[in-house]
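Data file: run.cif. Format and content: mmCIF, C-alpha atoms.
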data_entry
loop_
_atom_site.label_atom_id
_atom_site.label_comp_id
_atom_site.auth_asym_id
_atom_site.auth_seq_id
_atom_site.Cartn_x
_atom_site.Cartn_y
_atom_site.Cartn_z
CA MET A 1 56.95 -29.63 42.71
CA LEU A 2 55.16 -32.14 44.96
CA LYS A 3 56.85 -34.19 47.66
CA TYR A 4 55.19 -37.31 49.01
CA SER A 5 56.77 -39.18 51.95
CA SER A 6 55.16 -42.61 52.28
CA VAL A 7 57.90 -44.31 54.29
CA SER A 8 58.74 -42.13 57.28
CA SER A 9 61.32 -44.51 58.73
CA LEU A 10 63.37 -44.86 55.55
CA LEU A 11 65.93 -42.16 56.10
CA SER A 12 66.33 -42.89 59.80
CA GLY A 13 66.90 -46.55 58.94
CA TRP A 14 69.78 -45.59 56.67
CA GLU A 15 71.29 -43.43 59.37
CA ARG A 16 71.09 -46.26 61.91
CA GLY A 17 72.72 -48.68 59.50
CA GLY A 18 75.56 -46.28 58.87
CA GLU A 19 76.18 -47.48 55.32
CA MET A 20 74.39 -44.68 53.53
CA ALA A 21 75.97 -42.06 55.75
CA LYS A 22 79.25 -42.60 53.93
CA THR A 23 77.82 -41.10 50.74
CA GLY A 24 75.02 -38.99 52.19
CA GLN A 25 77.20 -35.90 52.47
CA LEU A 26 77.20 -33.05 50.02
CA GLY A 27 80.18 -32.98 47.71
CA CYS A 28 81.01 -36.71 47.81
CA GLU A 29 81.78 -38.54 44.58
CA ALA A 30 78.88 -40.69 43.37
CA ALA A 31 79.14 -44.40 44.14
CA VAL A 32 78.54 -46.54 41.03
CA GLY A 33 77.13 -50.04 41.38
CA SER A 34 78.80 -53.11 39.88
CA LEU A 35 76.91 -55.14 37.28
CA THR A 36 78.14 -58.39 38.84
CA PRO A 37 75.10 -59.86 40.65
CA ALA A 38 75.60 -60.45 44.37
CA LYS A 39 73.06 -63.29 44.13
CA LYS A 40 71.50 -62.33 47.43
CA LYS A 41 68.23 -63.61 46.03
CA GLU A 42 67.43 -66.00 43.22
CA TYR A 43 64.28 -65.52 41.17
CA LYS A 44 62.65 -67.87 38.68
CA VAL A 45 59.86 -67.41 36.14
CA SER A 46 56.67 -68.79 37.67
CA ASN A 47 54.13 -67.58 35.10
CA ARG A 48 53.62 -65.62 31.90
CA LEU A 49 50.55 -64.63 29.94
CA HIS A 50 49.55 -62.50 26.97
CA GLU A 51 46.81 -59.89 27.00
CA GLY A 52 47.06 -59.42 23.26
CA LYS A 53 49.29 -57.80 20.68
CA ARG A 54 49.00 -54.22 21.91
CA PRO A 55 51.84 -52.92 24.13
CA LEU A 56 51.38 -52.89 27.90
CA TYR A 57 52.72 -49.64 29.31
CA ALA A 58 52.06 -49.88 33.05
CA ILE A 59 51.71 -52.48 35.80
CA SER A 60 51.18 -51.79 39.51
CA PHE A 61 50.44 -53.60 42.77
CA ASN A 62 47.86 -52.11 45.13
CA PHE A 63 49.81 -50.78 48.15
CA ILE A 64 46.89 -48.63 49.33
CA ASP A 65 44.96 -51.36 51.19
CA ALA A 66 46.55 -54.31 53.03
CA ARG A 67 43.64 -56.52 51.94
CA TYR A 68 44.73 -56.18 48.33
CA TYR A 69 48.53 -56.27 48.45
CA ASP A 70 48.50 -59.28 46.09
CA VAL A 71 46.24 -57.52 43.55
CA PHE A 72 47.75 -55.75 40.56
CA ALA A 73 46.53 -54.02 37.41
CA THR A 74 47.83 -53.39 33.91
CA VAL A 75 46.99 -50.93 31.13
CA GLY A 76 47.45 -51.28 27.39
CA GLY A 77 45.42 -50.09 24.45
CA ASN A 78 41.95 -49.09 25.66
CA ARG A 79 41.93 -51.79 28.34
CA VAL A 80 42.51 -51.86 32.11
CA THR A 81 42.82 -55.36 33.63
CA VAL A 82 42.93 -56.39 37.29
CA TYR A 83 44.67 -59.58 38.45
CA ARG A 84 45.54 -61.36 41.68
CA CYS A 85 48.79 -63.22 42.40
CA LEU A 86 47.99 -66.63 43.86
CA GLU A 87 50.26 -69.25 45.39
CA GLN A 88 52.55 -71.44 43.29
CA GLY A 89 52.97 -68.74 40.67
CA LEU A 90 49.34 -68.67 39.55
CA ILE A 91 47.67 -65.47 38.31
CA ALA A 92 43.91 -64.98 38.38
CA VAL A 93 42.05 -62.46 36.22
CA LEU A 94 39.61 -60.56 38.42
CA GLN A 95 38.07 -57.97 36.11
CA ALA A 96 38.66 -55.93 32.97
CA TYR A 97 37.51 -52.52 31.77
CA VAL A 98 37.42 -51.62 28.07
CA ASP A 99 37.15 -47.91 27.30
CA GLU A 100 34.38 -46.78 24.99
CA ASP A 101 36.96 -44.95 22.85
CA LYS A 102 38.55 -47.61 20.63
CA ASP A 103 41.42 -45.27 19.80
CA GLU A 104 42.36 -44.70 23.45
CA SER A 105 45.77 -45.97 24.49
CA PHE A 106 46.31 -45.98 28.26
CA TYR A 107 49.88 -45.18 29.32
CA THR A 108 49.60 -45.07 33.10
CA LEU A 109 47.55 -46.12 36.10
CA SER A 110 47.59 -45.68 39.86
CA TRP A 111 45.66 -47.24 42.76
CA ALA A 112 43.65 -44.87 44.94
CA CYS A 113 40.64 -45.13 47.23
CA ASP A 114 37.46 -43.27 48.07
CA LEU A 115 36.80 -41.82 51.51
CA ASP A 116 35.05 -45.05 52.58
CA GLY A 117 38.05 -47.18 51.55
CA THR A 118 36.62 -48.39 48.24
CA PRO A 119 39.55 -49.35 45.95
CA LEU A 120 39.79 -47.22 42.82
CA LEU A 121 41.89 -47.43 39.68
CA VAL A 122 42.87 -44.17 38.00
CA ALA A 123 44.06 -44.49 34.39
CA GLY A 124 45.03 -42.04 31.67
CA GLY A 125 46.55 -42.04 28.23
CA SER A 126 46.54 -40.66 24.73
CA ASN A 127 43.21 -38.83 24.71
CA GLY A 128 44.00 -36.85 27.89
CA ILE A 129 40.88 -38.01 29.76
CA ILE A 130 41.46 -39.63 33.16
CA ARG A 131 39.15 -42.53 34.01
CA VAL A 132 38.40 -43.49 37.61
CA ILE A 133 37.23 -47.09 37.92
CA ASN A 134 35.54 -48.49 41.02
CA ALA A 135 37.20 -51.89 41.50
CA GLY A 136 34.38 -52.91 43.85
CA THR A 137 31.48 -52.30 41.49
CA GLU A 138 33.51 -52.62 38.26
CA LYS A 139 31.99 -49.39 36.99
CA ILE A 140 33.23 -45.90 36.17
CA HIS A 141 33.41 -43.96 39.44
CA LYS A 142 31.39 -40.76 39.14
CA VAL A 143 32.76 -38.51 36.39
CA SER A 144 35.93 -38.76 34.34
CA PHE A 145 38.56 -36.05 34.80
CA VAL A 146 38.66 -33.71 31.82
CA GLY A 147 41.13 -30.84 31.70
CA HIS A 148 44.41 -31.92 30.13
CA GLY A 149 44.85 -30.74 26.57
CA ASP A 150 47.00 -33.69 25.51
CA SER A 151 48.02 -37.21 26.56
CA VAL A 152 48.52 -38.16 30.22
CA ASN A 153 51.96 -39.70 30.78
CA GLU A 154 51.85 -40.54 34.49
CA ILE A 155 49.43 -40.62 37.42
CA ARG A 156 50.56 -40.91 41.04
CA THR A 157 48.58 -41.23 44.28
CA GLN A 158 49.29 -39.33 47.50
CA PRO A 159 50.07 -42.27 49.85
CA LEU A 160 48.96 -40.47 53.02
CA LYS A 161 45.76 -39.17 51.38
CA PRO A 162 44.92 -41.76 48.70
CA SER A 163 41.86 -39.85 47.55
CA LEU A 164 44.27 -37.36 45.94
CA VAL A 165 46.07 -38.09 42.67
CA VAL A 166 48.40 -36.02 40.53
CA SER A 167 48.72 -36.29 36.75
CA ALA A 168 51.53 -35.32 34.37
CA SER A 169 50.69 -34.48 30.76
CA LYS A 170 52.12 -33.81 27.35
CA ASP A 171 50.32 -30.44 27.55
CA GLU A 172 53.22 -29.26 29.79
CA SER A 173 51.09 -29.23 32.94
CA VAL A 174 50.63 -31.15 36.18
CA ARG A 175 47.19 -31.35 37.83
CA LEU A 176 46.10 -32.37 41.32
CA TRP A 177 42.71 -34.12 41.54
CA ASN A 178 40.32 -35.25 44.27
CA VAL A 179 38.89 -38.64 43.22
CA HIS A 180 35.99 -38.32 45.66
CA THR A 181 34.68 -34.99 44.41
CA GLY A 182 36.08 -35.15 40.88
CA ILE A 183 37.46 -31.63 41.28
CA CYS A 184 40.79 -30.43 39.91
CA ILE A 185 42.34 -28.78 42.96
CA LEU A 186 45.52 -27.29 41.51
CA ILE A 187 47.11 -26.75 38.10
CA PHE A 188 50.88 -26.43 37.81
CA ALA A 189 51.54 -24.74 34.45
CA GLY A 190 52.17 -21.43 32.75
CA ALA A 191 55.06 -18.98 32.64
CA GLY A 192 58.09 -20.27 34.52
CA GLY A 193 56.76 -23.83 34.44
CA HIS A 194 57.53 -26.80 32.19
CA ARG A 195 58.47 -26.00 28.61
CA ASN A 196 57.97 -29.51 27.26
CA GLU A 197 55.73 -32.47 28.00
CA VAL A 198 55.83 -33.76 31.59
CA LEU A 199 56.73 -37.45 31.67
CA SER A 200 56.94 -38.17 35.38
CA VAL A 201 55.67 -36.63 38.60
CA VAL A 202 57.79 -36.10 41.71
CA PHE A 203 60.67 -33.61 41.29
CA ILE A 204 63.03 -32.86 38.40
CA ALA A 205 66.29 -30.95 38.28
CA SER A 206 69.41 -30.77 36.12
CA VAL A 207 70.66 -34.28 36.84
CA HIS A 208 70.16 -35.92 33.43
CA SER A 209 70.96 -34.63 29.97
CA ASN A 210 67.87 -36.14 28.34
CA TYR A 211 64.21 -37.00 29.00
CA VAL A 212 63.44 -38.04 32.59
CA ASP A 213 60.66 -40.63 32.41
CA CYS A 214 60.58 -42.06 35.95
CA THR A 215 61.18 -40.48 39.37
CA ARG A 216 60.52 -41.50 42.98
CA TRP A 217 61.14 -39.86 46.34
CA LEU A 218 63.41 -41.88 48.65
CA GLY A 219 63.17 -40.08 51.97
CA ASP A 220 64.79 -36.70 51.28
CA PHE A 221 66.58 -38.10 48.22
CA VAL A 222 65.31 -38.62 44.68
CA LEU A 223 65.63 -41.64 42.40
CA SER A 224 65.36 -40.71 38.73
CA LYS A 225 65.91 -42.38 35.39
CA SER A 226 66.52 -41.04 31.92
CA VAL A 227 67.67 -42.76 28.72
CA ASP A 228 71.26 -42.72 29.97
CA ASN A 229 71.34 -46.43 30.93
CA GLU A 230 71.22 -45.75 34.66
CA ILE A 231 69.12 -44.78 37.66
CA VAL A 232 70.55 -41.91 39.69
CA LEU A 233 70.10 -41.22 43.42
CA TRP A 234 70.55 -37.55 44.23
CA GLU A 235 69.82 -34.93 46.84
CA PRO A 236 68.44 -31.48 46.05
CA LYS A 237 70.49 -28.68 47.64
CA THR A 238 68.76 -25.82 49.35
CA LYS A 239 69.56 -22.26 48.40
CA GLU A 240 71.37 -21.88 51.73
CA GLN A 241 73.65 -24.80 50.84
CA SER A 242 74.31 -23.68 47.30
CA PRO A 243 73.12 -20.34 45.86
CA GLY A 244 71.26 -20.63 42.59
CA GLU A 245 68.49 -22.86 41.32
CA GLY A 246 68.77 -26.47 40.20
CA ALA A 247 71.77 -27.38 42.38
CA VAL A 248 71.96 -31.07 43.30
CA ASP A 249 74.39 -33.58 44.77
CA ILE A 250 74.55 -36.95 42.98
CA LEU A 251 75.04 -39.73 45.53
CA GLN A 252 74.79 -43.07 43.72
CA LYS A 253 74.34 -44.55 40.25
CA TYR A 254 72.64 -47.84 39.38
CA PRO A 255 73.68 -48.93 35.85
CA VAL A 256 71.04 -50.50 33.58
CA PRO A 257 72.53 -51.66 30.24
CA GLU A 258 70.45 -51.38 27.05
CA CYS A 259 67.99 -48.99 28.69
CA ASP A 260 68.41 -46.17 26.18
CA ILE A 261 64.82 -45.82 24.99
CA TRP A 262 62.29 -43.63 26.77
CA PHE A 263 59.24 -44.75 28.74
CA ILE A 264 60.85 -47.57 30.71
CA LYS A 265 59.87 -47.20 34.36
CA PHE A 266 61.31 -48.79 37.49
CA SER A 267 59.42 -49.86 40.63
CA CYS A 268 60.19 -50.34 44.33
CA ASP A 269 58.82 -52.60 47.04
CA PHE A 270 56.72 -51.02 49.80
CA HIS A 271 59.67 -50.37 52.14
CA TYR A 272 62.03 -49.24 49.36
CA ASN A 273 64.53 -52.00 50.02
CA ALA A 274 64.92 -52.80 46.33
CA ALA A 275 64.22 -51.40 42.87
CA ALA A 276 63.55 -53.39 39.71
CA ILE A 277 63.83 -52.10 36.16
CA GLY A 278 63.63 -53.76 32.76
CA ASN A 279 65.44 -52.86 29.54
CA ARG A 280 64.77 -52.98 25.82
CA GLU A 281 66.08 -56.57 25.56
CA GLY A 282 63.63 -58.06 28.08
CA LYS A 283 66.09 -58.30 30.98
CA ILE A 284 65.39 -57.11 34.55
CA TYR A 285 67.94 -55.60 36.96
CA VAL A 286 67.15 -55.75 40.68
CA TRP A 287 69.12 -53.26 42.79
CA GLU A 288 69.42 -53.05 46.56
CA LEU A 289 68.62 -49.48 47.51
CA GLN A 290 69.75 -49.27 51.12
CA SER A 291 73.42 -50.04 50.61
CA SER A 292 76.48 -48.14 49.47
CA PRO A 293 78.02 -48.72 47.02
CA PRO A 294 74.91 -50.06 45.21
CA VAL A 295 74.51 -53.84 45.16
CA LEU A 296 72.95 -55.68 42.21
CA ILE A 297 70.73 -58.31 43.83
CA ALA A 298 69.93 -60.20 40.64
CA ARG A 299 69.84 -59.97 36.85
CA LEU A 300 66.81 -61.75 35.42
CA ALA A 301 66.58 -63.07 31.86
CA HIS A 302 64.54 -65.64 29.98
CA ALA A 303 65.20 -66.95 26.49
CA GLN A 304 61.66 -66.17 25.35
CA CYS A 305 61.46 -62.67 26.83
CA LYS A 306 63.04 -60.39 24.24
CA SER A 307 60.58 -57.50 24.05
CA PRO A 308 61.19 -54.14 25.77
CA ILE A 309 59.91 -54.10 29.35
CA ARG A 310 57.91 -50.91 29.83
CA GLN A 311 57.40 -51.21 33.57
CA THR A 312 57.99 -53.55 36.50
CA ALA A 313 56.05 -54.04 39.73
CA LEU A 314 57.66 -55.28 42.94
CA SER A 315 55.35 -56.91 45.47
CA PHE A 316 54.94 -55.58 49.02
CA ASP A 317 57.90 -57.61 50.37
CA GLY A 318 59.86 -57.84 47.11
CA SER A 319 59.38 -61.61 46.77
CA THR A 320 57.50 -61.27 43.46
CA ILE A 321 58.48 -59.20 40.43
CA LEU A 322 56.07 -58.53 37.58
CA SER A 323 56.89 -56.99 34.22
CA CYS A 324 54.75 -55.81 31.32
CA CYS A 325 56.20 -55.78 27.83
CA GLU A 326 55.91 -54.14 24.45
CA ASP A 327 54.59 -57.41 22.94
CA GLY A 328 51.60 -57.49 25.31
CA SER A 329 53.05 -60.11 27.66
CA ILE A 330 53.15 -60.21 31.46
CA TRP A 331 55.93 -62.09 33.26
CA ARG A 332 55.96 -63.19 36.89
CA TRP A 333 59.19 -63.93 38.76
CA ASP A 334 59.22 -65.34 42.28
CA VAL A 335 62.00 -65.74 44.85
CA VAL A 336 63.37 -69.26 45.04
CA GLN A 337 62.97 -70.42 48.63
CA SER A 338 66.12 -72.13 49.86
#

Can the structure from this file be put into structure tokens for me?
Amino acid sequence: MLKYSSVSSLLSGWERGGEMAKTGQLGCEAAVGSLTPAKKKEYKVSNRLHEGKRPLYAISFNFIDARYYDVFATVGGNRVTVYRCLEQGLIAVLQAYVDEDKDESFYTLSWACDLDGTPLLVAGGSNGIIRVINAGTEKIHKVSFVGHGDSVNEIRTQPLKPSLVVSASKDESVRLWNVHTGICILIFAGAGGHRNEVLSVVFIASVHSNYVDCTRWLGDFVLSKSVDNEIVLWEPKTKEQSPGEGAVDILQKYPVPECDIWFIKFSCDFHYNAAAIGNREGKIYVWELQSSPPVLIARLAHAQCKSPIRQTALSFDGSTILSCCEDGSIWRWDVVQS
């Protein structure tokens, strides 16, 4: 479908380290990570807050502009809220946008920017209309994107050209948009395309036996998650390597217990050193990505966090982990400095 490479040195870094090369060959048996934490890092809860009783479905740091690496946003109900992580675990509310449609329920958001560098928030949800919010003026940016015939499940930004975003919809289509012009550039749909709602945007093949609700490119490899209680790292095979369509080579598996409900999404830090994912019991699993076999960095749990975690957000350097939950709560975990 669409391949975005935001970290050009990732794959070469693995090759230099030599660890990933052991499993980066076609035909090798997948390496499965142990659920015993290596305790390479220790995190503690530094803050928590409630936006309300409506579920929060998405949370994301702004990796588009270095000036705003500590800024993040959430979506839930018909509301988009922007925050900033401060020192000593504090969280400041910067702005909030409430959609005019009271029945709207936002499921996804992504940071983008205009041609002049103005930070933009792109959000979509149940009514299929994509809103573009100017975080500088706190107003709707130009026109909303209308075209999807059903709910929008995920929006992703092209890291190298952050004025381009791609949306995945329940209407079985994927659309590429220009946030500056408001024009839909491409539509991926029709005969030979998806035959069910599209839940995530990157690349999908016959790796899972159920819904795939979160995918990310990792160099030339793909990280994907279904409701099978695990994240899978795999490599698509070319037709020259293996005749036929849909051929893949599964390299590694990152177990995530009690993660058997759909719409639970993982996140990675900027350099893809780690991935964090929550589960339906309010626990977070932090996996080291650039090691083989997979290493569980930490397992995070708090007695008062029992609601399903819909999405996590790792900060630029991985020192802060945020999570948004079904009960409308936001949790902040920070690395304990030794």

Written as a list in words, what is the full residue list that the PyMOL selection byres ((chain A and resi 184) around 12) yields on the file shown?
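What the PyMOL selection byres ((chain A and resi 184) around 12) grabs from the file is Ile130, Val143, Ser144, Phe145, Val146, Gly147, His148, Leu164, Val165, Val166, Ser167, Val174, Arg175, Leu176, Trp177, Asn178, Val179, His180, Thr181, Gly182, Ile183, Ile185, Leu186, Ile187 and Phe188 of chain A.
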
Residues selected by the PyMOL selection byres ((chain A and resi 90) around 10), written as a PyMOL selection string
chain A and resi 46-48+84-89+91-92+332

Restricting to only C-alpha atoms, whichever of A:Ser291, A:Ser126, A:Thr108, A:Thr118 is closest to Ser163 (chain A) is A:Thr118

I need the residue set behind the PyMOL selection byres ((chain A and resi 302-311) around 8) for this file; please write it as a list in words.
Val45, Leu56, Tyr57, Ala58, Ile59, Phe263, Ile264, Lys265, Phe266, Ser267, Ile277, Gly278, Asn279, Arg280, Glu281, Gly282, Lys283, Leu300, Ala301, Thr312, Ala313, Ser323, Cys324, Cys325, Glu326 and Asp327 of chain A

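Take the candidates A:Ile140, A:Ile321, A:Val295, A:Cys259 and check each one against Asn229 (chain A) using only C-alpha atoms; the shortest distance goes to A:Cys259.
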
Using only C-alpha atoms, can you tell me which of A:Ala275, A:Pro294, A:Ala168, A:Leu218 comes closest to Gln252 (chain A)?
A:Pro294

Please report the interatomic distance between CA of Leu322 (chain A) and CA of Arg216 (chain A) in Å with one decimal.
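Atom-to-atom, CA of Leu322 (chain A) and CA of Arg216 (chain A) are spaced 18.4 Å apart.
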
Listed atoms of region 246-252 of chain A boxed along x, y and z, 8 Å each side, centre and edge lengths in Å, one decimal, as lines of an AutoDock Vina configuration file:
center_x = 71.9
center_y = -34.8
center_z = 42.9
size_x = 22.3
size_y = 32.6
size_z = 21.3

With 12 Å as the threshold, what does the neighbourhood of (70.5, -50.5, 46.8) contain in terms of residues, counting only C-alpha atoms? Coordinates are those of the file; answer as a PyMOL selection string.
chain A and resi 14+19-20+31-34+38+40+218+223+231-233+251-255+268-269+272-276+285-298

Report as JSON, numbers by chain all protein, DNA and RNA residues lying within 7 Å of Leu109 (chain A), evaluated on only C-alpha atoms, omitting residues in the same chain fewer than 4 positions from it.
{"A": [58, 75, 121, 122, 123, 124, 155]}

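Around Asp101 (chain A), within 10 Å and counting all atoms listed in the file, the residues found are Asn78, Val98, Glu104, Ser105 and Asn127 of chain A, once anything fewer than 3 positions away on its own chain is removed.
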
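You can rank A:Tyr68, A:Phe106, A:Trp234, A:Phe221 by their closest distance to Gly136 (chain A) using all atoms listed in the file, and at the top of that list sits A:Tyr68.
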
Once N, CA and C atoms are restored for region 75-94 of chain A, what would the output be as a PDB file, keeping the file's coordinate frame?
ATOM      1  N   VAL A  75      47.672 -51.713  32.158  1.00  0.00           N
ATOM      2  CA  VAL A  75      46.990 -50.930  31.130  1.00  0.00           C
ATOM      3  C   VAL A  75      47.716 -51.102  29.810  1.00  0.00           C
ATOM      4  N   GLY A  76      46.927 -51.174  28.745  1.00  0.00           N
ATOM      5  CA  GLY A  76      47.450 -51.280  27.390  1.00  0.00           C
ATOM      6  C   GLY A  76      46.316 -51.133  26.409  1.00  0.00           C
ATOM      7  N   GLY A  77      46.520 -50.362  25.355  1.00  0.00           N
ATOM      8  CA  GLY A  77      45.420 -50.090  24.450  1.00  0.00           C
ATOM      9  C   GLY A  77      44.318 -49.357  25.207  1.00  0.00           C
ATOM     10  N   ASN A  78      43.076 -49.716  24.947  1.00  0.00           N
ATOM     11  CA  ASN A  78      41.950 -49.090  25.660  1.00  0.00           C
ATOM     12  C   ASN A  78      41.436 -49.984  26.779  1.00  0.00           C
ATOM     13  N   ARG A  79      42.325 -50.792  27.361  1.00  0.00           N
ATOM     14  CA  ARG A  79      41.930 -51.790  28.340  1.00  0.00           C
ATOM     15  C   ARG A  79      42.681 -51.633  29.661  1.00  0.00           C
ATOM     16  N   VAL A  80      41.942 -51.794  30.767  1.00  0.00           N
ATOM     17  CA  VAL A  80      42.510 -51.860  32.110  1.00  0.00           C
ATOM     18  C   VAL A  80      42.109 -53.225  32.681  1.00  0.00           C
ATOM     19  N   THR A  81      43.094 -54.007  33.134  1.00  0.00           N
ATOM     20  CA  THR A  81      42.820 -55.360  33.630  1.00  0.00           C
ATOM     21  C   THR A  81      43.349 -55.510  35.043  1.00  0.00           C
ATOM     22  N   VAL A  82      42.562 -56.170  35.886  1.00  0.00           N
ATOM     23  CA  VAL A  82      42.930 -56.390  37.290  1.00  0.00           C
ATOM     24  C   VAL A  82      43.165 -57.878  37.520  1.00  0.00           C
ATOM     25  N   TYR A  83      44.277 -58.196  38.193  1.00  0.00           N
ATOM     26  CA  TYR A  83      44.670 -59.580  38.450  1.00  0.00           C
ATOM     27  C   TYR A  83      44.954 -59.769  39.945  1.00  0.00           C
ATOM     28  N   ARG A  84      45.091 -61.027  40.334  1.00  0.00           N
ATOM     29  CA  ARG A  84      45.540 -61.360  41.680  1.00  0.00           C
ATOM     30  C   ARG A  84      46.625 -62.419  41.587  1.00  0.00           C
ATOM     31  N   CYS A  85      47.726 -62.211  42.315  1.00  0.00           N
ATOM     32  CA  CYS A  85      48.790 -63.220  42.400  1.00  0.00           C
ATOM     33  C   CYS A  85      48.384 -64.272  43.425  1.00  0.00           C
ATOM     34  N   LEU A  86      48.325 -65.518  42.982  1.00  0.00           N
ATOM     35  CA  LEU A  86      47.990 -66.630  43.860  1.00  0.00           C
ATOM     36  C   LEU A  86      49.249 -67.419  44.184  1.00  0.00           C
ATOM     37  N   GLU A  87      49.125 -68.416  45.025  1.00  0.00           N
ATOM     38  CA  GLU A  87      50.260 -69.250  45.390  1.00  0.00           C
ATOM     39  C   GLU A  87      50.715 -70.103  44.210  1.00  0.00           C
ATOM     40  N   GLN A  88      51.944 -70.580  44.304  1.00  0.00           N
ATOM     41  CA  GLN A  88      52.550 -71.440  43.290  1.00  0.00           C
ATOM     42  C   GLN A  88      52.610 -70.773  41.917  1.00  0.00           C
ATOM     43  N   GLY A  89      52.767 -69.455  41.915  1.00  0.00           N
ATOM     44  CA  GLY A  89      52.970 -68.740  40.670  1.00  0.00           C
ATOM     45  C   GLY A  89      51.730 -68.479  39.842  1.00  0.00           C
ATOM     46  N   LEU A  90      50.568 -68.846  40.330  1.00  0.00           N
ATOM     47  CA  LEU A  90      49.340 -68.670  39.550  1.00  0.00           C
ATOM     48  C   LEU A  90      48.904 -67.201  39.538  1.00  0.00           C
ATOM     49  N   ILE A  91      48.218 -66.818  38.464  1.00  0.00           N
ATOM     50  CA  ILE A  91      47.670 -65.470  38.310  1.00  0.00           C
ATOM     51  C   ILE A  91      46.204 -65.594  37.913  1.00  0.00           C
ATOM     52  N   ALA A  92      45.334 -64.931  38.666  1.00  0.00           N
ATOM     53  CA  ALA A  92      43.910 -64.980  38.380  1.00  0.00           C
ATOM     54  C   ALA A  92      43.445 -63.642  37.825  1.00  0.00           C
ATOM     55  N   VAL A  93      42.647 -63.674  36.760  1.00  0.00           N
ATOM     56  CA  VAL A  93      42.050 -62.460  36.220  1.00  0.00           C
ATOM     57  C   VAL A  93      40.802 -62.145  37.021  1.00  0.00           C
ATOM     58  N   LEU A  94      40.744 -60.942  37.597  1.00  0.00           N
ATOM     59  CA  LEU A  94      39.610 -60.560  38.420  1.00  0.00           C
ATOM     60  C   LEU A  94      38.569 -59.763  37.641  1.00  0.00           C
TER      61      LEU A  94
END
